[in-house]
Amino acid sequence: MTDPVRRQYEAYPYPERDPTQELQALTTGSPSHPLEIDHFIFGGKRDWSQPTRILVAGGGTGDALVMMAQIFADWCANVELHYLDMSQASREIAEARIAARGLSVTFHTGDLLTAPALGPFDYIDCCGVLHHLPDPDAGAAALAAALAPGGGMGLMVYAPYGRSGVYEMQDVLHTLVGGDSPSEQVVLARRFLEGLPHTSGLARNPFVADHIAAGDAGLYDLLLHSRDRAYDVDGVYDLLERAGLEMVSFVTPGQYNPLALIADEELRARAAALPVREASALAERIAGNIKTHVFYTVPQGTGAGRVAAPDGDAVPNILGVQCAALAKSIWDKGCVTLSIDGLTVQRRLPQDMAGIVTAIDGKRNLSSIARMLGWDDKTFMKKFANLYQPLNNYNLLRFSSRKELQT
């Protein structure tokens, strides 16, 4: 086995998952939650009763795969899921997790560059993979070539500023233990970390401790990886452009808004005048806490109208938080508190927004909610805009008309 990355994932499939514990909970996240896919790629109105082919490229131990397979099964959606990874050990864990849930997936062992031969696909998930390839540009181009007309992708790549200290420590450990076996590297790395000076960039970075605490596979993936690079915002845009793709949206656009990070009014006005790409790059540098970029992308020239818009037919869904808890916060405090990677922001909201949140059930469209609350559509949409902006910016509200699939 000459490829050191493949050797790593055969020895330490990542993330660590125990198939015997699979039914205890469903791991969900971004990208590729079905509500997100619909919202960012299909305008919030995908007909999931129609045949849909999805590829999880570099599926690892199966988190995204299992999430999609279970949710689509619950929706009775007509989805054909495919898994592709070069690690046989990772595939076996993913297969066992799918089997434990009684779900159906087609599994492939192979290089990501083979994706076009398996396609075309209406949606592709590629989370935490491109930055480990010998040629990320070739990988992105291969995924683009595997898309069906009208399709899109959800991607995640590492970001530099939230991973400060990581790459310096990778260099240190490659020098000290790079010639040892994977298991011996882990033992030696843990001994090294016990004596790490508090002045180290890694010791001063609070955003990556979850990797180290996630077991040997997490430690290896963070600090011992033999092929690892990070992309800043400009690097993400350049990667997509070279692959013939365009940005649809980061999954949490609020993180990429510099106006949320600048207090001075004159400087806020200057930031507000920047193009979206430049403003996003500025926000990344100001915040300093973004460790991964999670975003949706489509072929160049096809991005218009992809992101769902709030209109009367749109069906809102609250994602990642309980509606009752969110409504209570708005009613009791007149605000919503949003926190991501250590950065907390508050957005004031009128108390009547609590009633709107309570009415959101994933089945009613906005016009139905307006009638239920006794507002005409024009008045309601004006009020709803106050709620939509903060919840959309932090991935708490997505549009998806999935009610037709409920049994």
# chains A, B, ... in the order shown; residues from 1 in each chain; ligands from 1
$ residues_around --residues "Thr297 (chain A)" --least-positions-apart "5" --cutoff "7 Å" --atoms "only C-alpha atoms" --output "PyMOL selection string"
chain A and resi 152-154+245-248
$ write_last_selection --atoms "N, CA and C atoms" --output "short mmCIF file (atom, residue, chain, number, x, y, z; two decimals), in the first residue's frame"
data_model
loop_
_atom_site.label_atom_id
_atom_site.label_comp_id
_atom_site.auth_asym_id
_atom_site.auth_seq_id
_atom_site.Cartn_x
_atom_site.Cartn_y
_atom_site.Cartn_z
N GLY A 152 -26.13 19.60 -8.32
CA GLY A 152 -25.25 20.44 -7.53
C GLY A 152 -24.55 19.63 -6.48
N MET A 153 -23.67 20.30 -5.73
CA MET A 153 -22.84 19.61 -4.75
C MET A 153 -22.80 20.36 -3.42
N GLY A 154 -22.59 19.61 -2.35
CA GLY A 154 -22.27 20.16 -1.04
C GLY A 154 -20.87 19.75 -0.68
N LEU A 245 -17.11 25.47 -11.78
CA LEU A 245 -18.21 25.55 -10.83
C LEU A 245 -18.36 26.98 -10.33
N GLU A 246 -19.51 27.27 -9.71
CA GLU A 246 -19.72 28.57 -9.09
C GLU A 246 -20.31 28.39 -7.70
N MET A 247 -20.01 29.35 -6.83
CA MET A 247 -20.53 29.32 -5.47
C MET A 247 -22.02 29.62 -5.46
N VAL A 248 -22.79 28.79 -4.76
CA VAL A 248 -24.19 29.10 -4.49
C VAL A 248 -24.28 29.86 -3.16
#
$ residues_around --residues "region 83-99 of chain A" --least-positions-apart "6" --cutoff "9 Å" --atoms "only C-alpha atoms" --output "number ranges by chain"
A: 6-14, 17-23, 54-63, 65-66, 69-70, 105-112, 114-115
$ write_last_selection --atoms "C-alpha atoms" --output "PDB file, in the first residue's frame"
ATOM      1  CA  ARG A   6      -4.952   5.269   2.058  1.00  0.00           C
ATOM      2  CA  ARG A   7      -2.671   3.566   4.600  1.00  0.00           C
ATOM      3  CA  GLN A   8      -3.881   6.049   7.229  1.00  0.00           C
ATOM      4  CA  TYR A   9      -7.571   5.415   6.656  1.00  0.00           C
ATOM      5  CA  GLU A  10      -7.118   1.655   6.587  1.00  0.00           C
ATOM      6  CA  ALA A  11      -5.412   1.896   9.979  1.00  0.00           C
ATOM      7  CA  TYR A  12      -7.619   4.652  11.403  1.00  0.00           C
ATOM      8  CA  PRO A  13     -11.001   4.926   9.653  1.00  0.00           C
ATOM      9  CA  TYR A  14     -12.360   8.399  10.286  1.00  0.00           C
ATOM     10  CA  ARG A  17     -17.798   5.042  14.654  1.00  0.00           C
ATOM     11  CA  ASP A  18     -19.075   1.853  16.303  1.00  0.00           C
ATOM     12  CA  PRO A  19     -21.762   0.155  14.189  1.00  0.00           C
ATOM     13  CA  THR A  20     -23.029  -1.740  17.252  1.00  0.00           C
ATOM     14  CA  GLN A  21     -24.100   1.611  18.712  1.00  0.00           C
ATOM     15  CA  GLU A  22     -25.646   2.890  15.478  1.00  0.00           C
ATOM     16  CA  LEU A  23     -29.278   2.862  16.565  1.00  0.00           C
ATOM     17  CA  ILE A  54     -26.878  10.892  -5.037  1.00  0.00           C
ATOM     18  CA  LEU A  55     -23.166  10.158  -4.567  1.00  0.00           C
ATOM     19  CA  VAL A  56     -21.233  10.420  -1.317  1.00  0.00           C
ATOM     20  CA  ALA A  57     -17.682  10.864  -2.629  1.00  0.00           C
ATOM     21  CA  GLY A  58     -15.045   9.968  -0.055  1.00  0.00           C
ATOM     22  CA  GLY A  59     -17.709   8.710   2.311  1.00  0.00           C
ATOM     23  CA  GLY A  60     -15.408   7.550   5.109  1.00  0.00           C
ATOM     24  CA  THR A  61     -17.181   5.774   7.932  1.00  0.00           C
ATOM     25  CA  GLY A  62     -20.529   7.029   6.697  1.00  0.00           C
ATOM     26  CA  ASP A  63     -21.887  10.005   8.646  1.00  0.00           C
ATOM     27  CA  LEU A  65     -24.341   8.612   3.989  1.00  0.00           C
ATOM     28  CA  VAL A  66     -26.274   7.337   7.005  1.00  0.00           C
ATOM     29  CA  ALA A  69     -30.186   7.350   3.807  1.00  0.00           C
ATOM     30  CA  GLN A  70     -32.218   7.492   7.016  1.00  0.00           C
ATOM     31  CA  VAL A 105     -26.984   1.923  -0.494  1.00  0.00           C
ATOM     32  CA  THR A 106     -24.765   0.910  -3.424  1.00  0.00           C
ATOM     33  CA  PHE A 107     -21.130   0.740  -2.290  1.00  0.00           C
ATOM     34  CA  HIS A 108     -18.023   1.291  -4.430  1.00  0.00           C
ATOM     35  CA  THR A 109     -14.369   1.043  -3.416  1.00  0.00           C
ATOM     36  CA  GLY A 110     -12.171   3.296  -5.490  1.00  0.00           C
ATOM     37  CA  ASP A 111     -10.597   6.658  -6.174  1.00  0.00           C
ATOM     38  CA  LEU A 112     -12.703   9.812  -6.232  1.00  0.00           C
ATOM     39  CA  THR A 114     -13.668   7.471 -10.910  1.00  0.00           C
ATOM     40  CA  ALA A 115     -16.867   9.343  -9.995  1.00  0.00           C
TER      41      ALA A 115
END
$ select_by_dssp --residues "region 81-310 of chain A" --states "helix (DSSP H, G or I)" --output "PyMOL selection string"
chain A and resi 88-100+112-118+130-132+136-145+161-163+166-177+182-194+209-213+216-224+233-242+253-256+258-260+265-272+276-287
$ closest_atom_pairs --of "region 311-333 of chain A" --to "region 37-46 of chain A" --cutoff "12 Å" --atoms "only C-alpha atoms" --output "Markdown table"
| residue | atom | partner | partner_atom | distance |
| --- | --- | --- | --- | --- |
| A:Asp311 | CA | A:Gly44 | CA | 10.6 |
| A:Asp313 | CA | A:Lys45 | CA | 9.0 |
| A:Ala314 | CA | A:Gly44 | CA | 7.0 |
| A:Val315 | CA | A:Gly44 | CA | 7.6 |
| A:Pro316 | CA | A:Gly44 | CA | 8.9 |
| A:Asn317 | CA | A:His39 | CA | 10.0 |
| A:Leu319 | CA | A:His39 | CA | 11.7 |
$ residues_around --residues "Met381 (chain A)" --least-positions-apart "6" --cutoff "12 Å" --atoms "only C-alpha atoms" --output "PyMOL selection string"
chain A and resi 309-314+353+356+365-371+375+387-388
$ residues_around --residues "Pro51 (chain A)" --least-positions-apart "6" --cutoff "8 Å" --atoms "only C-alpha atoms" --output "list in words"
Asn78, Val79 and Glu80 of chain A
$ closest_atom_pairs --of "region 325-375 of chain A" --to "region 205-217 of chain A" --cutoff "12 Å" --atoms "only C-alpha atoms" --output "CSV"
residue,atom,partner,partner_atom,distance
A:Ile340,CA,A:Phe207,CA,10.4
A:Asp341,CA,A:Phe207,CA,6.7
A:Gly342,CA,A:Phe207,CA,7.9
A:Leu343,CA,A:Phe207,CA,10.9
$ closest_residue --among "A:Pro15, A:Ala273, A:Gly165, A:Gly178" --to "Leu219 (chain A)" --atoms "only C-alpha atoms"
A:Pro15
$ residues_around --residues "Thr175 (chain A)" --least-positions-apart "4" --cutoff "12 Å" --atoms "only C-alpha atoms" --output "number ranges by chain"
A: 168-171, 179-180, 185, 189, 223-224, 226
$ decode --residues "region 115-159 of chain A" --atoms "N, CA and C atoms" --output "PDB file, in the first residue's frame"
ATOM      1  N   ALA A 115     -15.472   8.951 -10.160  1.00  0.00           N
ATOM      2  CA  ALA A 115     -16.867   9.343  -9.995  1.00  0.00           C
ATOM      3  C   ALA A 115     -17.624   9.521 -11.306  1.00  0.00           C
ATOM      4  N   PRO A 116     -17.012  10.136 -12.353  1.00  0.00           N
ATOM      5  CA  PRO A 116     -17.783  10.313 -13.594  1.00  0.00           C
ATOM      6  C   PRO A 116     -18.285   9.002 -14.191  1.00  0.00           C
ATOM      7  N   ALA A 117     -17.524   7.913 -13.999  1.00  0.00           N
ATOM      8  CA  ALA A 117     -17.934   6.620 -14.548  1.00  0.00           C
ATOM      9  C   ALA A 117     -19.152   6.055 -13.833  1.00  0.00           C
ATOM     10  N   LEU A 118     -19.421   6.537 -12.613  1.00  0.00           N
ATOM     11  CA  LEU A 118     -20.562   6.052 -11.840  1.00  0.00           C
ATOM     12  C   LEU A 118     -21.803   6.914 -12.051  1.00  0.00           C
ATOM     13  N   GLY A 119     -21.611   8.107 -12.614  1.00  0.00           N
ATOM     14  CA  GLY A 119     -22.694   9.086 -12.730  1.00  0.00           C
ATOM     15  C   GLY A 119     -23.634   8.809 -13.889  1.00  0.00           C
ATOM     16  N   PRO A 120     -24.483   9.800 -14.211  1.00  0.00           N
ATOM     17  CA  PRO A 120     -24.525  11.116 -13.569  1.00  0.00           C
ATOM     18  C   PRO A 120     -25.344  11.109 -12.279  1.00  0.00           C
ATOM     19  N   PHE A 121     -25.063  12.142 -11.448  1.00  0.00           N
ATOM     20  CA  PHE A 121     -25.738  12.272 -10.163  1.00  0.00           C
ATOM     21  C   PHE A 121     -26.421  13.628 -10.055  1.00  0.00           C
ATOM     22  N   ASP A 122     -27.596  13.630  -9.420  1.00  0.00           N
ATOM     23  CA  ASP A 122     -28.318  14.877  -9.196  1.00  0.00           C
ATOM     24  C   ASP A 122     -27.713  15.673  -8.043  1.00  0.00           C
ATOM     25  N   TYR A 123     -27.064  14.976  -7.135  1.00  0.00           N
ATOM     26  CA  TYR A 123     -26.403  15.650  -6.014  1.00  0.00           C
ATOM     27  C   TYR A 123     -25.183  14.838  -5.610  1.00  0.00           C
ATOM     28  N   ILE A 124     -24.106  15.555  -5.240  1.00  0.00           N
ATOM     29  CA  ILE A 124     -22.871  14.917  -4.774  1.00  0.00           C
ATOM     30  C   ILE A 124     -22.456  15.557  -3.463  1.00  0.00           C
ATOM     31  N   ASP A 125     -22.184  14.729  -2.469  1.00  0.00           N
ATOM     32  CA  ASP A 125     -21.589  15.164  -1.206  1.00  0.00           C
ATOM     33  C   ASP A 125     -20.109  14.834  -1.233  1.00  0.00           C
ATOM     34  N   CYS A 126     -19.279  15.811  -0.882  1.00  0.00           N
ATOM     35  CA  CYS A 126     -17.837  15.555  -0.754  1.00  0.00           C
ATOM     36  C   CYS A 126     -17.341  16.383   0.418  1.00  0.00           C
ATOM     37  N   CYS A 127     -17.257  15.750   1.558  1.00  0.00           N
ATOM     38  CA  CYS A 127     -16.998  16.450   2.810  1.00  0.00           C
ATOM     39  C   CYS A 127     -15.647  16.034   3.380  1.00  0.00           C
ATOM     40  N   GLY A 128     -14.704  16.990   3.433  1.00  0.00           N
ATOM     41  CA  GLY A 128     -13.406  16.713   4.043  1.00  0.00           C
ATOM     42  C   GLY A 128     -12.507  15.831   3.215  1.00  0.00           C
ATOM     43  N   VAL A 129     -12.603  15.917   1.884  1.00  0.00           N
ATOM     44  CA  VAL A 129     -11.860  15.005   1.015  1.00  0.00           C
ATOM     45  C   VAL A 129     -10.912  15.747   0.075  1.00  0.00           C
ATOM     46  N   LEU A 130     -11.394  16.771  -0.591  1.00  0.00           N
ATOM     47  CA  LEU A 130     -10.585  17.428  -1.628  1.00  0.00           C
ATOM     48  C   LEU A 130      -9.239  17.900  -1.093  1.00  0.00           C
ATOM     49  N   HIS A 131      -9.207  18.377   0.141  1.00  0.00           N
ATOM     50  CA  HIS A 131      -7.952  18.906   0.691  1.00  0.00           C
ATOM     51  C   HIS A 131      -6.931  17.813   1.018  1.00  0.00           C
ATOM     52  N   HIS A 132      -7.320  16.537   0.868  1.00  0.00           N
ATOM     53  CA  HIS A 132      -6.378  15.438   1.086  1.00  0.00           C
ATOM     54  C   HIS A 132      -5.906  14.786  -0.220  1.00  0.00           C
ATOM     55  N   LEU A 133      -6.392  15.273  -1.356  1.00  0.00           N
ATOM     56  CA  LEU A 133      -6.042  14.655  -2.634  1.00  0.00           C
ATOM     57  C   LEU A 133      -4.682  15.153  -3.130  1.00  0.00           C
ATOM     58  N   PRO A 134      -3.963  14.320  -3.908  1.00  0.00           N
ATOM     59  CA  PRO A 134      -2.718  14.799  -4.518  1.00  0.00           C
ATOM     60  C   PRO A 134      -2.962  15.994  -5.430  1.00  0.00           C
ATOM     61  N   ASP A 135      -4.116  16.004  -6.108  1.00  0.00           N
ATOM     62  CA  ASP A 135      -4.473  17.100  -7.012  1.00  0.00           C
ATOM     63  C   ASP A 135      -5.929  17.466  -6.766  1.00  0.00           C
ATOM     64  N   PRO A 136      -6.191  18.391  -5.810  1.00  0.00           N
ATOM     65  CA  PRO A 136      -7.573  18.767  -5.518  1.00  0.00           C
ATOM     66  C   PRO A 136      -8.319  19.310  -6.729  1.00  0.00           C
ATOM     67  N   ASP A 137      -7.612  20.010  -7.624  1.00  0.00           N
ATOM     68  CA  ASP A 137      -8.265  20.533  -8.824  1.00  0.00           C
ATOM     69  C   ASP A 137      -8.834  19.404  -9.680  1.00  0.00           C
ATOM     70  N   ALA A 138      -8.055  18.331  -9.820  1.00  0.00           N
ATOM     71  CA  ALA A 138      -8.527  17.183 -10.601  1.00  0.00           C
ATOM     72  C   ALA A 138      -9.729  16.536  -9.924  1.00  0.00           C
ATOM     73  N   GLY A 139      -9.710  16.486  -8.597  1.00  0.00           N
ATOM     74  CA  GLY A 139     -10.844  15.917  -7.878  1.00  0.00           C
ATOM     75  C   GLY A 139     -12.109  16.732  -8.054  1.00  0.00           C
ATOM     76  N   ALA A 140     -11.987  18.058  -7.932  1.00  0.00           N
ATOM     77  CA  ALA A 140     -13.152  18.914  -8.112  1.00  0.00           C
ATOM     78  C   ALA A 140     -13.691  18.822  -9.530  1.00  0.00           C
ATOM     79  N   ALA A 141     -12.793  18.745 -10.508  1.00  0.00           N
ATOM     80  CA  ALA A 141     -13.216  18.636 -11.905  1.00  0.00           C
ATOM     81  C   ALA A 141     -13.932  17.305 -12.158  1.00  0.00           C
ATOM     82  N   ALA A 142     -13.431  16.226 -11.525  1.00  0.00           N
ATOM     83  CA  ALA A 142     -14.071  14.919 -11.689  1.00  0.00           C
ATOM     84  C   ALA A 142     -15.487  14.926 -11.121  1.00  0.00           C
ATOM     85  N   LEU A 143     -15.655  15.552  -9.965  1.00  0.00           N
ATOM     86  CA  LEU A 143     -16.995  15.638  -9.376  1.00  0.00           C
ATOM     87  C   LEU A 143     -17.919  16.468 -10.256  1.00  0.00           C
ATOM     88  N   ALA A 144     -17.403  17.566 -10.780  1.00  0.00           N
ATOM     89  CA  ALA A 144     -18.220  18.396 -11.668  1.00  0.00           C
ATOM     90  C   ALA A 144     -18.666  17.605 -12.889  1.00  0.00           C
ATOM     91  N   ALA A 145     -17.763  16.756 -13.410  1.00  0.00           N
ATOM     92  CA  ALA A 145     -18.087  15.952 -14.587  1.00  0.00           C
ATOM     93  C   ALA A 145     -19.105  14.859 -14.280  1.00  0.00           C
ATOM     94  N   ALA A 146     -19.273  14.530 -13.007  1.00  0.00           N
ATOM     95  CA  ALA A 146     -20.208  13.469 -12.615  1.00  0.00           C
ATOM     96  C   ALA A 146     -21.616  13.985 -12.356  1.00  0.00           C
ATOM     97  N   LEU A 147     -21.824  15.316 -12.453  1.00  0.00           N
ATOM     98  CA  LEU A 147     -23.134  15.888 -12.172  1.00  0.00           C
ATOM     99  C   LEU A 147     -24.084  15.731 -13.354  1.00  0.00           C
ATOM    100  N   ALA A 148     -25.329  15.472 -13.034  1.00  0.00           N
ATOM    101  CA  ALA A 148     -26.396  15.490 -14.041  1.00  0.00           C
ATOM    102  C   ALA A 148     -26.816  16.933 -14.282  1.00  0.00           C
ATOM    103  N   PRO A 149     -27.424  17.222 -15.430  1.00  0.00           N
ATOM    104  CA  PRO A 149     -27.950  18.577 -15.668  1.00  0.00           C
ATOM    105  C   PRO A 149     -28.894  18.991 -14.540  1.00  0.00           C
ATOM    106  N   GLY A 150     -28.681  20.206 -14.030  1.00  0.00           N
ATOM    107  CA  GLY A 150     -29.501  20.699 -12.932  1.00  0.00           C
ATOM    108  C   GLY A 150     -29.018  20.278 -11.565  1.00  0.00           C
ATOM    109  N   GLY A 151     -27.944  19.483 -11.508  1.00  0.00           N
ATOM    110  CA  GLY A 151     -27.445  18.979 -10.234  1.00  0.00           C
ATOM    111  C   GLY A 151     -26.548  19.969  -9.517  1.00  0.00           C
ATOM    112  N   GLY A 152     -26.131  19.603  -8.324  1.00  0.00           N
ATOM    113  CA  GLY A 152     -25.246  20.443  -7.535  1.00  0.00           C
ATOM    114  C   GLY A 152     -24.546  19.634  -6.477  1.00  0.00           C
ATOM    115  N   MET A 153     -23.672  20.298  -5.728  1.00  0.00           N
ATOM    116  CA  MET A 153     -22.841  19.611  -4.746  1.00  0.00           C
ATOM    117  C   MET A 153     -22.803  20.363  -3.424  1.00  0.00           C
ATOM    118  N   GLY A 154     -22.585  19.613  -2.349  1.00  0.00           N
ATOM    119  CA  GLY A 154     -22.272  20.164  -1.042  1.00  0.00           C
ATOM    120  C   GLY A 154     -20.866  19.746  -0.677  1.00  0.00           C
ATOM    121  N   LEU A 155     -20.000  20.726  -0.396  1.00  0.00           N
ATOM    122  CA  LEU A 155     -18.584  20.446  -0.152  1.00  0.00           C
ATOM    123  C   LEU A 155     -18.141  21.010   1.194  1.00  0.00           C
ATOM    124  N   MET A 156     -17.102  20.404   1.743  1.00  0.00           N
ATOM    125  CA  MET A 156     -16.414  20.960   2.910  1.00  0.00           C
ATOM    126  C   MET A 156     -14.921  20.821   2.688  1.00  0.00           C
ATOM    127  N   VAL A 157     -14.199  21.921   2.901  1.00  0.00           N
ATOM    128  CA  VAL A 157     -12.737  21.896   2.891  1.00  0.00           C
ATOM    129  C   VAL A 157     -12.244  22.633   4.132  1.00  0.00           C
ATOM    130  N   TYR A 158     -11.036  22.296   4.554  1.00  0.00           N
ATOM    131  CA  TYR A 158     -10.445  22.953   5.716  1.00  0.00           C
ATOM    132  C   TYR A 158     -10.123  24.417   5.407  1.00  0.00           C
ATOM    133  N   ALA A 159     -10.189  25.231   6.459  1.00  0.00           N
ATOM    134  CA  ALA A 159      -9.867  26.657   6.370  1.00  0.00           C
ATOM    135  C   ALA A 159      -8.647  26.947   7.248  1.00  0.00           C
TER     136      ALA A 159
END
